[in-house]
Structures are given as structure tokens and as C-alpha cells.
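To keep things clear, I will list the structure first and then write my remarks on it.
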Amino acid sequence: MTNPFPARSSATPKGPPEDGQGAAVAEKEELALEPPKLFQVVMLNDDFTPMEFVVLVLQEQFRHDIETATQIMLKIHHEGRGVCGVYTKDVAATKVELVLAAARQAGHPLQCILETA
């Protein structure tokens, strides 16, 4: 039976040359990564969507507690708009779509938009 592993000769050492020629040091380039841009999810006031529905959406979609959701709803009611949360672009766009879908399903004209933070 033949040996599948050929014998190595120890006469020729493997390693860097002794004269220093051909040895190279690779320097790591540091990439300047920027944090992702953030976007605000903003709910707009209308005269038809019930306040209770807005509070419910703020609790379900944005995970606000009842007190915070009520404060945001009152800000929307009095100032015409209110920030529901700040997220990366993909997450914020998904939140906007979920809010609009919930409003459509419930038959309310609630509007929600995306803005740069």
C-alpha cells in the first residue's frame, strides 16, 4: 500500500527570507462607517379619526405605554402633528405602512408620514 501523504523534506525551511527582501506588512485600512440616517414617523391630525384609535395604534405599533400614547395623541390633536418614533429608514417605512393599513382596515382617514430626523 502506498502512502497518500508524501514525505516532506526538512532540508528547505519554509518561512521568510533571511535578507528581509520580499517581506511585506499589510496595513489595515480603517473604514469610516457612518451611522445610518434616522427618520421620524409623524402622525397627522384629522377631524374624523377617534382619539382612542390613535392611542391604540401608538400602543400597538410603537409600543408606547398608555400615558405616553395619550400625550402623543394630544400633541397630534393640538399641534396638528406628532412624532411617534425615530427609526432607520426601512423600519420607519414599515411602521408608516402598518399604521396606514390599520387605519384603512378600521375605516379611518388617519395619515402617517416619514421625515428625516
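Naming works like this for the C-alpha cells: A, B, ... for the chains as they're shown, residue 1 at the start of each chain, ligands 1 onward in shown order.
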Could you make a table, as CSV, of the residues of range 86-109 of chain A that have an atom within 7 Å of an atom of range 47-63 of chain A, each with its nearest atom pair and distance in Å to one decimal, counting only C-alpha atoms, in chain and number order?
```
residue,atom,partner,partner_atom,distance
A:Lys95,CA,A:Gln61,CA,6.9
A:Val99,CA,A:Val57,CA,6.9
A:His108,CA,A:Thr49,CA,5.4
A:Pro109,CA,A:Thr49,CA,6.4
```
Output for the residues just chosen: C-alpha atoms as an mmCIF file, in the first residue's frame:
```
data_model
loop_
_atom_site.group_PDB
_atom_site.id
_atom_site.type_symbol
_atom_site.label_atom_id
_atom_site.label_comp_id
_atom_site.auth_asym_id
_atom_site.auth_seq_id
_atom_site.Cartn_x
_atom_site.Cartn_y
_atom_site.Cartn_z
ATOM 1 C CA LYS A 95 -44.191 51.479 10.623
ATOM 2 C CA VAL A 99 -50.295 52.492 10.586
ATOM 3 C CA HIS A 108 -60.327 55.912 9.383
ATOM 4 C CA PRO A 109 -58.534 58.559 7.272
#
```
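Every residue of range 22-64 of chain A with a DSSP assignment of strand (DSSP E or B), taken from the backbone, is listed as Leu38, Phe39, Gln40, Val41, Val42, Met43 and Leu44 of chain A.
CA of Val96 in chain A is found 11.0 Å from CA of Phe39 in chain A.
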TODO: Could you please write out, as a PyMOL selection string, every residue of range 22-79 of chain A that DSSP assigns to alpha helix (DSSP H)?
DONE: chain A and resi 51-62+66-79
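Proximity of A:Val41, A:Val86, A:Leu74, A:Gly80 to Leu98 in chain A, computed with only C-alpha atoms, is greatest for A:Val41.
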Open item on the list: Report as a PyMOL selection string all protein, DNA and RNA residues lying within 12 Å of Lys75 in chain A, evaluated on only C-alpha atoms, omitting residues in the same chain fewer than 2 positions from it.
Closed with: chain A and resi 42-45+51+54-55+68-73+77-84
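Rounded to one decimal, CA of Ile113 in chain A and CA of Lys37 in chain A lie 16.2 Å from each other.
Put simply, CA of Asp90 in chain A is 22.1 Å away from CA of Ala32 in chain A.
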